[in-house]
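Shown next, in structure tokens, is the structure this report addresses.
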Amino acid sequence: MTTKRLFTTICTLALTLCMAWAQGPNGSENYYQDADGKKGAALKTALCKIIYSRTEVIYDDIWSAFETTDLRSDGKIWDMYSNITNYRYITDQAGNYQKEGDKYNREHSFPKSWFGGKESSVPGHDLFHIYPTDGFVNGKRSNYPFGENNGEEYSSSGNFSKLGKCTYPGCTYIGDKEYVFEPNDKYKGDFARTYFYMVTCYEEQLSTWYKNYANSNEGLKATIDGSTYPAFTTWQLNMLLDWSRNDPVSEKEINRNNAVYDLQKNRNPFIDYPGLEDYIWGDKKNVTFSYDHYDGSSSGKQPVTMSFSPTSVTATLGESFTAPTLSMSPSGLTVTYSSSNTNVATVNASTGAVTLKAVGTTTITASFAGNDDYYSNSATYTLTVKKQGGDDPTPVETIIWEEDWTGASSNVSVESINNSSAVYQGDGGTNCKIYNEKLAGGTAPELLIPKTSRDINYFIATIALGHACGEMPLSFKCNKTISVTS
């Protein structure tokens with residue numbers, strides 16, 4: 001063999017070896033090649049362009065998809081909301097359920113009401129966030145956001161899944177009863193990587209979802225911030241990063257990722273590349289991504305916990321104010337404070353001391369930027385500033401009497417309650433009226449309430465006390481509320 005031919009053979013072999021090496025994990029080959037060399041927000045956008053393109057599986061076919069995506073080794077449905085179920089594929093799907101263990105259904109882990117509620121929309125039938133789960137537990141979850149709680153509202157069998165008030169440090173959820181849903185520890189990483197996928201794949205739709213649905217879905221507002229990056233609210237991102245670190249990618253996830261790829265022809269990169277979230281939001285966001293030479297090693301950093309107590313306070317303009325106590329573990333780390341509305345209150349960036357400026361509401365945030373040993377974190381509290389001498393207090397509605405109107409004449413009166421001298425009198429016709437005899441000047445404003453039917457047996461009146469003008473009733477209820485102004 002000549003030297004030239006030998007050289008050519010060596011070069012060809014080297015090229016073949018390089019091509020064999022240049023492939024991603026889990027058989028993804030060069031699927032992620034276009035994200036090579038990107039980092040942070042740019043990496044997230046590059047991944048969006050890769051994974052958004054897919055073959056759509058219509059919603060009705062999700063049931064049959066579960067046969068390849070979500071069966072356990074014993075052939076039963078893999079339920080991540082309950083640990084007592086042994087659902088048979090197809091036989092136990094849908095239908096009525098009265099308790100945990102009755103039926104399984106299709107769970108949009110990223111609630112569909114957050115993006116319009118349509119299964120026909122692209123995210124509405126995206127298998128990467130739709131799982132088979134116990135129907136009863138799914139109903140308890142409703143569209144509450146993910147979070148951590150004590151399960152005081154509901155716990156599935158063995159406290160496997162829980163619903164209750166959010167306890168995660170810095171949680172800003174203020175929706176229905178402030179309840180959040182907490183999956184079991186063994187699946188928290190699965191759901192975290194599902195959410196990383198959702199805000200990456202649908203990056204270009206996040207602002208629309210937030211604009212159209214956040215005001216009617218506090219859970220969405222507590223989860224995303226309406227931006228393409230970072231996309232998540234601070235507390236939600238910190239929690240999901242914690243969940244992903246504490247529950248690493250499992251064989252179950254890898255198998256499901258491959259099975260969904262067979263159907264949809266797209267992948268979840270956060271499963272293929274464990275720890276990829278750190279390249280986008282974490283301590284590696286300034287490190288470039290390599291799809292074929294990926295470094296998924298842990299940084300060895302430790303989490304930091306931060307929380308204020310209480311998380312909501314009221315202060316009076318012109319009076320001294322003591323900020324809530326910040327608890328932090330480990331202690332001694334450098335914290336920076338900020339105010340979301342400096343017109344209402346400013347805060348010393350180093351000490352957290354607050355200066356009240358005007359009536360209104362602001363959010364005070366304590367932030368730890370992170371370092372070589374610890375991950376970043378933050379905590380918040382809400383500060384409401386009121387004027388001296390009183391903004392009108394929120395009226396406290398109190399039922400003060402009940403009258404049986406059966407066979408009543410046109411005149412109905414009640415005794416003086418709390419010195420308000422409230423009196424009912426009929427006008428001799430079909431109306432009754434309420435007035436307050438104690439108003440200055442002796443003028444008693446009257447409200448005429450139609451007594452539309454003699455069939456009304458019980459009449460409940462409510463007077464809201466504590467108005468700034470004294471003891472004047474604020475409201476009077478007779479099937480509806482009628483307000484009185486001073």
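The chains in the structure tokens are called A, B, ... from first to last as shown; in each chain the residues are counted from 1, and the ligands are counted from 1 in the order shown.
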Practice problem: Just the helix (DSSP H, G or I) stuff from stretch 46-245 of chain A, please, per backbone DSSP, written as an MDAnalysis selection string. | Solution: chainID A and resid 46:51 59:69 112:115 123:125 135:141 157:159 176:178 185:201 203:213 218:223 234:245
Where does stretch 96-159 of chain A meet stretch 195-200 of chain A within 12 Å, residue by residue, with the nearest atom pair and distance in Å to one decimal for each, counting only C-alpha atoms, listed by chain and rising number, as CSV?
residue,atom,partner,partner_atom,distance
A:His108,CA,A:Tyr195,CA,11.2
A:Ser109,CA,A:Tyr195,CA,8.5
A:Phe110,CA,A:Tyr195,CA,7.2
A:Pro111,CA,A:Tyr195,CA,11.0
A:Lys112,CA,A:Met198,CA,11.9
A:Trp114,CA,A:Met198,CA,11.8
A:Phe115,CA,A:Met198,CA,11.2
A:Val122,CA,A:Met198,CA,11.4
A:Pro123,CA,A:Met198,CA,8.4
A:Gly124,CA,A:Met198,CA,11.4
A:Asp126,CA,A:Met198,CA,9.5
A:Leu127,CA,A:Met198,CA,11.0
A:Phe128,CA,A:Tyr197,CA,7.9
A:His129,CA,A:Met198,CA,7.6
A:Ile130,CA,A:Met198,CA,11.2
A:Pro145,CA,A:Tyr195,CA,11.2
A:Phe146,CA,A:Tyr195,CA,10.1
Would you save the residues of that selection, restricted to all heavy atoms, as a CSV table (one decimal), in the first residue's frame?
chain,number,residue,atom,x,y,z
A,108,HIS,N,-53.5,16.7,32.5
A,108,HIS,CA,-52.7,17.8,32.0
A,108,HIS,C,-51.9,18.3,33.2
A,108,HIS,O,-52.4,19.1,34.0
A,108,HIS,CB,-53.4,18.9,31.3
A,108,HIS,CG,-54.1,18.5,30.1
A,108,HIS,ND1,-55.3,17.8,30.1
A,108,HIS,CD2,-53.8,18.7,28.8
A,108,HIS,CE1,-55.7,17.6,28.8
A,108,HIS,NE2,-54.8,18.1,28.0
A,109,SER,N,-50.7,17.8,33.4
A,109,SER,CA,-49.9,18.2,34.6
A,109,SER,C,-49.6,19.7,34.5
A,109,SER,O,-49.5,20.4,35.6
A,109,SER,CB,-48.6,17.5,34.7
A,109,SER,OG,-47.8,17.7,33.5
A,110,PHE,N,-49.6,20.3,33.4
A,110,PHE,CA,-49.6,21.8,33.2
A,110,PHE,C,-51.0,22.1,32.8
A,110,PHE,O,-51.4,21.9,31.7
A,110,PHE,CB,-48.6,22.2,32.1
A,110,PHE,CG,-48.3,23.7,32.0
A,110,PHE,CD1,-47.2,24.2,32.6
A,110,PHE,CD2,-49.1,24.5,31.3
A,110,PHE,CE1,-46.9,25.6,32.5
A,110,PHE,CE2,-48.9,25.9,31.2
A,110,PHE,CZ,-47.8,26.4,31.8
A,111,PRO,N,-51.9,22.5,33.8
A,111,PRO,CA,-53.3,22.6,33.6
A,111,PRO,C,-53.7,23.3,32.3
A,111,PRO,O,-53.2,24.3,31.9
A,111,PRO,CB,-53.8,23.4,34.8
A,111,PRO,CG,-52.8,23.0,35.8
A,111,PRO,CD,-51.5,23.0,35.1
A,112,LYS,N,-54.7,22.6,31.6
A,112,LYS,CA,-55.1,23.2,30.3
A,112,LYS,C,-55.8,24.5,30.4
A,112,LYS,O,-55.8,25.3,29.4
A,112,LYS,CB,-56.0,22.2,29.5
A,112,LYS,CG,-57.2,21.8,30.2
A,112,LYS,CD,-58.0,20.7,29.5
A,112,LYS,CE,-59.3,20.3,30.2
A,112,LYS,NZ,-60.0,19.2,29.5
A,114,TRP,N,-54.7,26.9,31.8
A,114,TRP,CA,-53.6,27.9,31.8
A,114,TRP,C,-53.3,28.3,30.4
A,114,TRP,O,-52.6,29.3,30.2
A,114,TRP,CB,-52.4,27.4,32.5
A,114,TRP,CG,-52.5,27.1,34.0
A,114,TRP,CD1,-53.6,27.3,34.7
A,114,TRP,CD2,-51.5,26.7,34.8
A,114,TRP,NE1,-53.4,27.0,36.0
A,114,TRP,CE2,-52.0,26.6,36.1
A,114,TRP,CE3,-50.1,26.4,34.7
A,114,TRP,CZ2,-51.3,26.2,37.3
A,114,TRP,CZ3,-49.4,26.0,35.8
A,114,TRP,CH2,-50.0,25.9,37.1
A,115,PHE,N,-53.7,27.5,29.4
A,115,PHE,CA,-53.4,27.9,28.0
A,115,PHE,C,-54.7,27.9,27.1
A,115,PHE,O,-54.6,27.8,25.9
A,115,PHE,CB,-52.3,27.0,27.4
A,115,PHE,CG,-52.6,25.5,27.5
A,115,PHE,CD1,-53.4,24.9,26.7
A,115,PHE,CD2,-51.9,24.8,28.5
A,115,PHE,CE1,-53.6,23.5,26.8
A,115,PHE,CE2,-52.1,23.4,28.6
A,115,PHE,CZ,-53.0,22.8,27.7
A,122,VAL,N,-52.2,22.7,20.4
A,122,VAL,CA,-51.0,21.9,20.4
A,122,VAL,C,-50.6,21.4,21.8
A,122,VAL,O,-50.4,20.3,22.0
A,122,VAL,CB,-49.9,22.6,19.7
A,122,VAL,CG1,-48.6,21.8,19.8
A,122,VAL,CG2,-50.2,22.9,18.2
A,123,PRO,N,-50.5,22.3,22.8
A,123,PRO,CA,-50.2,21.9,24.1
A,123,PRO,C,-51.3,21.0,24.7
A,123,PRO,O,-51.0,20.2,25.6
A,123,PRO,CB,-50.0,23.1,24.9
A,123,PRO,CG,-50.7,24.2,24.2
A,123,PRO,CD,-50.6,23.8,22.7
A,124,GLY,N,-52.5,21.1,24.2
A,124,GLY,CA,-53.6,20.4,24.8
A,124,GLY,C,-53.5,18.9,24.5
A,124,GLY,O,-54.2,18.1,25.2
A,126,ASP,N,-50.2,17.4,24.0
A,126,ASP,CA,-48.8,17.1,24.0
A,126,ASP,C,-48.5,16.1,25.1
A,126,ASP,O,-48.7,16.3,26.3
A,126,ASP,CB,-48.0,18.4,24.3
A,126,ASP,CG,-46.5,18.2,24.1
A,126,ASP,OD1,-46.0,17.1,24.2
A,126,ASP,OD2,-45.8,19.2,23.9
A,127,LEU,N,-48.1,14.9,24.6
A,127,LEU,CA,-47.9,13.8,25.6
A,127,LEU,C,-46.8,14.0,26.6
A,127,LEU,O,-46.8,13.4,27.7
A,127,LEU,CB,-47.5,12.5,24.8
A,127,LEU,CG,-48.6,11.6,24.3
A,127,LEU,CD1,-48.2,10.6,23.2
A,127,LEU,CD2,-49.3,10.9,25.5
A,128,PHE,N,-45.9,15.0,26.4
A,128,PHE,CA,-44.9,15.2,27.3
A,128,PHE,C,-45.4,15.8,28.7
A,128,PHE,O,-44.6,15.8,29.6
A,128,PHE,CB,-43.8,16.1,26.8
A,128,PHE,CG,-42.8,15.3,26.0
A,128,PHE,CD1,-42.6,15.5,24.6
A,128,PHE,CD2,-42.0,14.3,26.6
A,128,PHE,CE1,-41.6,14.8,23.9
A,128,PHE,CE2,-41.0,13.6,25.9
A,128,PHE,CZ,-40.9,13.8,24.5
A,129,HIS,N,-46.6,16.3,28.7
A,129,HIS,CA,-47.1,16.7,30.0
A,129,HIS,C,-48.5,16.1,30.3
A,129,HIS,O,-49.1,16.5,31.3
A,129,HIS,CB,-47.2,18.3,30.0
A,129,HIS,CG,-48.5,18.8,29.4
A,129,HIS,ND1,-49.5,19.4,30.2
A,129,HIS,CD2,-48.9,18.9,28.1
A,129,HIS,CE1,-50.4,19.9,29.4
A,129,HIS,NE2,-50.1,19.6,28.1
A,130,ILE,N,-48.9,15.1,29.6
A,130,ILE,CA,-50.2,14.4,29.8
A,130,ILE,C,-49.9,13.0,30.3
A,130,ILE,O,-49.2,12.3,29.6
A,130,ILE,CB,-51.1,14.4,28.6
A,130,ILE,CG1,-51.4,15.8,28.1
A,130,ILE,CG2,-52.4,13.6,28.9
A,130,ILE,CD1,-52.2,15.8,26.8
A,145,PRO,N,-51.5,25.1,41.3
A,145,PRO,CA,-50.1,25.0,40.9
A,145,PRO,C,-49.4,24.0,41.7
A,145,PRO,O,-49.8,23.6,42.8
A,145,PRO,CB,-49.6,26.4,41.2
A,145,PRO,CG,-50.4,26.9,42.3
A,145,PRO,CD,-51.8,26.4,42.0
A,146,PHE,N,-48.2,23.5,41.2
A,146,PHE,CA,-47.4,22.6,42.0
A,146,PHE,C,-46.7,23.5,43.2
A,146,PHE,O,-46.4,24.7,43.0
A,146,PHE,CB,-46.3,22.0,41.2
A,146,PHE,CG,-46.7,20.8,40.4
A,146,PHE,CD1,-46.3,20.6,39.1
A,146,PHE,CD2,-47.6,19.9,40.9
A,146,PHE,CE1,-46.7,19.6,38.3
A,146,PHE,CE2,-48.0,18.8,40.1
A,146,PHE,CZ,-47.6,18.7,38.8
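Across A:Thr172, A:Gln205, A:Asn258, A:Thr351, the tightest approach to A:Ser307 is made by A:Thr172 when counting only C-alpha atoms.
Using only C-alpha atoms for every distance, the candidate list A:Ala222, A:Ile254, A:Cys201, A:Leu263 yields A:Cys201 as the residue closest to A:Leu43.
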Exercise. Using atom CA of A:Val354 and atom CA of A:Phe321 as the two end points, give the distance in Å to one decimal.
Key: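 Pair atom CA of A:Val354 / atom CA of A:Phe321 returns 7.4 Å.
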Quiz item: Near A:Asn371, counting only C-alpha atoms, which residues have an atom at most 12 Å away, once you skip same-chain residues fewer than 2 positions from it, shown as number ranges by chain?
Solution: A: 282-284, 299-304, 333-335, 368-369, 373-377
Those residues you just picked out, can you put them in a file as an mmCIF file, in the first residue's frame with N, CA, C and O atoms?
data_model
loop_
_atom_site.group_PDB
_atom_site.id
_atom_site.type_symbol
_atom_site.label_atom_id
_atom_site.label_comp_id
_atom_site.auth_asym_id
_atom_site.auth_seq_id
_atom_site.Cartn_x
_atom_site.Cartn_y
_atom_site.Cartn_z
ATOM 1 N N GLY A 282 -29.393 27.761 35.973
ATOM 2 C CA GLY A 282 -28.589 27.529 37.167
ATOM 3 C C GLY A 282 -27.182 28.070 37.103
ATOM 4 O O GLY A 282 -26.881 29.029 36.378
ATOM 5 N N ASP A 283 -26.292 27.419 37.838
ATOM 6 C CA ASP A 283 -24.933 27.921 37.982
ATOM 7 C C ASP A 283 -24.061 27.673 36.759
ATOM 8 O O ASP A 283 -22.915 28.125 36.705
ATOM 9 N N LYS A 284 -24.598 26.970 35.732
ATOM 10 C CA LYS A 284 -23.831 26.744 34.503
ATOM 11 C C LYS A 284 -24.366 27.566 33.321
ATOM 12 O O LYS A 284 -24.034 27.288 32.173
ATOM 13 N N SER A 299 -22.411 20.343 40.329
ATOM 14 C CA SER A 299 -21.453 21.336 40.817
ATOM 15 C C SER A 299 -21.100 21.101 42.277
ATOM 16 O O SER A 299 -20.140 21.669 42.779
ATOM 17 N N GLY A 300 -21.886 20.281 42.960
ATOM 18 C CA GLY A 300 -21.630 20.035 44.372
ATOM 19 C C GLY A 300 -22.175 21.122 45.281
ATOM 20 O O GLY A 300 -21.965 21.093 46.489
ATOM 21 N N LYS A 301 -22.903 22.056 44.704
ATOM 22 C CA LYS A 301 -23.462 23.137 45.508
ATOM 23 C C LYS A 301 -24.592 22.635 46.396
ATOM 24 O O LYS A 301 -25.235 21.630 46.101
ATOM 25 N N GLN A 302 -24.831 23.377 47.470
ATOM 26 C CA GLN A 302 -25.891 23.051 48.401
ATOM 27 C C GLN A 302 -27.017 24.087 48.312
ATOM 28 O O GLN A 302 -26.768 25.254 48.021
ATOM 29 N N PRO A 303 -28.273 23.673 48.554
ATOM 30 C CA PRO A 303 -29.372 24.641 48.522
ATOM 31 C C PRO A 303 -29.371 25.531 49.750
ATOM 32 O O PRO A 303 -28.834 25.181 50.803
ATOM 33 N N VAL A 304 -29.986 26.690 49.596
ATOM 34 C CA VAL A 304 -30.152 27.649 50.679
ATOM 35 C C VAL A 304 -31.652 27.841 50.905
ATOM 36 O O VAL A 304 -32.404 27.996 49.950
ATOM 37 N N LEU A 333 -24.726 34.422 55.022
ATOM 38 C CA LEU A 333 -24.541 34.698 53.596
ATOM 39 C C LEU A 333 -25.013 36.117 53.268
ATOM 40 O O LEU A 333 -25.883 36.668 53.946
ATOM 41 N N THR A 334 -24.459 36.705 52.238
ATOM 42 C CA THR A 334 -24.792 38.075 51.863
ATOM 43 C C THR A 334 -26.132 38.138 51.149
ATOM 44 O O THR A 334 -26.343 37.444 50.151
ATOM 45 N N VAL A 335 -27.023 38.974 51.669
ATOM 46 C CA VAL A 335 -28.371 39.117 51.123
ATOM 47 C C VAL A 335 -28.573 40.543 50.642
ATOM 48 O O VAL A 335 -28.115 41.505 51.281
ATOM 49 N N PHE A 368 -30.415 36.107 47.614
ATOM 50 C CA PHE A 368 -29.048 35.605 47.730
ATOM 51 C C PHE A 368 -28.612 35.192 46.335
ATOM 52 O O PHE A 368 -29.255 34.361 45.688
ATOM 53 N N ALA A 369 -27.533 35.774 45.849
ATOM 54 C CA ALA A 369 -27.112 35.600 44.451
ATOM 55 C C ALA A 369 -26.462 34.257 44.174
ATOM 56 O O ALA A 369 -26.321 33.861 43.013
ATOM 57 N N ASP A 373 -20.411 27.655 46.537
ATOM 58 C CA ASP A 373 -20.833 26.598 47.461
ATOM 59 C C ASP A 373 -22.335 26.433 47.563
ATOM 60 O O ASP A 373 -22.819 25.346 47.910
ATOM 61 N N TYR A 374 -23.092 27.508 47.260
ATOM 62 C CA TYR A 374 -24.539 27.471 47.477
ATOM 63 C C TYR A 374 -25.302 28.030 46.279
ATOM 64 O O TYR A 374 -24.846 28.984 45.620
ATOM 65 N N TYR A 375 -26.486 27.435 46.050
ATOM 66 C CA TYR A 375 -27.365 27.917 44.994
ATOM 67 C C TYR A 375 -28.044 29.219 45.425
ATOM 68 O O TYR A 375 -28.223 29.485 46.619
ATOM 69 N N SER A 376 -28.455 29.998 44.439
ATOM 70 C CA SER A 376 -29.166 31.232 44.721
ATOM 71 C C SER A 376 -30.569 30.935 45.227
ATOM 72 O O SER A 376 -31.122 29.864 44.987
ATOM 73 N N ASN A 377 -31.160 31.907 45.929
ATOM 74 C CA ASN A 377 -32.533 31.781 46.399
ATOM 75 C C ASN A 377 -33.039 33.165 46.793
ATOM 76 O O ASN A 377 -32.272 34.136 46.815
#
Practice problem: Taking the chain letters and numbering used in this document, name the residues of stretch 198-372 of chain A that DSSP puts in strand (DSSP E or B), as a ChimeraX atom specification. | Solution: /A:224,232,302,305-309,312-316,325-329,336-339,345-347,354-356,360-368
With C-alpha atoms retained, could you export that selection as a PDB file, in the first residue's frame?
ATOM      1  CA  ILE A 224     -44.785  31.737  35.040  1.00  0.00           C
ATOM      2  CA  PHE A 232     -40.809  31.021  35.710  1.00  0.00           C
ATOM      3  CA  GLN A 302     -25.891  23.051  48.401  1.00  0.00           C
ATOM      4  CA  THR A 305     -33.494  28.044  52.445  1.00  0.00           C
ATOM      5  CA  MET A 306     -34.965  31.522  52.961  1.00  0.00           C
ATOM      6  CA  SER A 307     -38.314  32.677  54.339  1.00  0.00           C
ATOM      7  CA  PHE A 308     -39.937  35.692  55.992  1.00  0.00           C
ATOM      8  CA  SER A 309     -42.317  35.471  58.925  1.00  0.00           C
ATOM      9  CA  SER A 312     -47.850  39.783  54.763  1.00  0.00           C
ATOM     10  CA  VAL A 313     -47.766  42.894  56.980  1.00  0.00           C
ATOM     11  CA  THR A 314     -49.468  46.283  57.307  1.00  0.00           C
ATOM     12  CA  ALA A 315     -47.780  49.539  58.324  1.00  0.00           C
ATOM     13  CA  THR A 316     -49.047  53.059  59.009  1.00  0.00           C
ATOM     14  CA  THR A 325     -37.835  38.378  60.387  1.00  0.00           C
ATOM     15  CA  LEU A 326     -35.809  36.685  57.662  1.00  0.00           C
ATOM     16  CA  SER A 327     -34.890  33.083  58.419  1.00  0.00           C
ATOM     17  CA  MET A 328     -32.011  31.718  56.383  1.00  0.00           C
ATOM     18  CA  SER A 329     -30.013  28.504  56.433  1.00  0.00           C
ATOM     19  CA  THR A 336     -29.593  42.021  48.971  1.00  0.00           C
ATOM     20  CA  TYR A 337     -32.983  43.633  49.583  1.00  0.00           C
ATOM     21  CA  SER A 338     -35.244  45.387  47.077  1.00  0.00           C
ATOM     22  CA  SER A 339     -38.739  46.890  46.861  1.00  0.00           C
ATOM     23  CA  ALA A 345     -41.567  52.067  50.367  1.00  0.00           C
ATOM     24  CA  THR A 346     -37.831  51.901  49.898  1.00  0.00           C
ATOM     25  CA  VAL A 347     -35.555  49.365  51.520  1.00  0.00           C
ATOM     26  CA  VAL A 354     -37.747  49.902  55.297  1.00  0.00           C
ATOM     27  CA  THR A 355     -38.693  53.545  54.792  1.00  0.00           C
ATOM     28  CA  LEU A 356     -42.410  54.166  54.249  1.00  0.00           C
ATOM     29  CA  GLY A 360     -50.097  51.482  48.722  1.00  0.00           C
ATOM     30  CA  THR A 361     -48.661  47.984  48.457  1.00  0.00           C
ATOM     31  CA  THR A 362     -45.184  46.733  47.618  1.00  0.00           C
ATOM     32  CA  THR A 363     -43.287  43.459  47.702  1.00  0.00           C
ATOM     33  CA  ILE A 364     -40.006  43.351  49.595  1.00  0.00           C
ATOM     34  CA  THR A 365     -37.546  40.763  48.300  1.00  0.00           C
ATOM     35  CA  ALA A 366     -34.442  39.373  49.968  1.00  0.00           C
ATOM     36  CA  SER A 367     -32.117  37.778  47.415  1.00  0.00           C
ATOM     37  CA  PHE A 368     -29.048  35.605  47.730  1.00  0.00           C
TER      38      PHE A 368
END
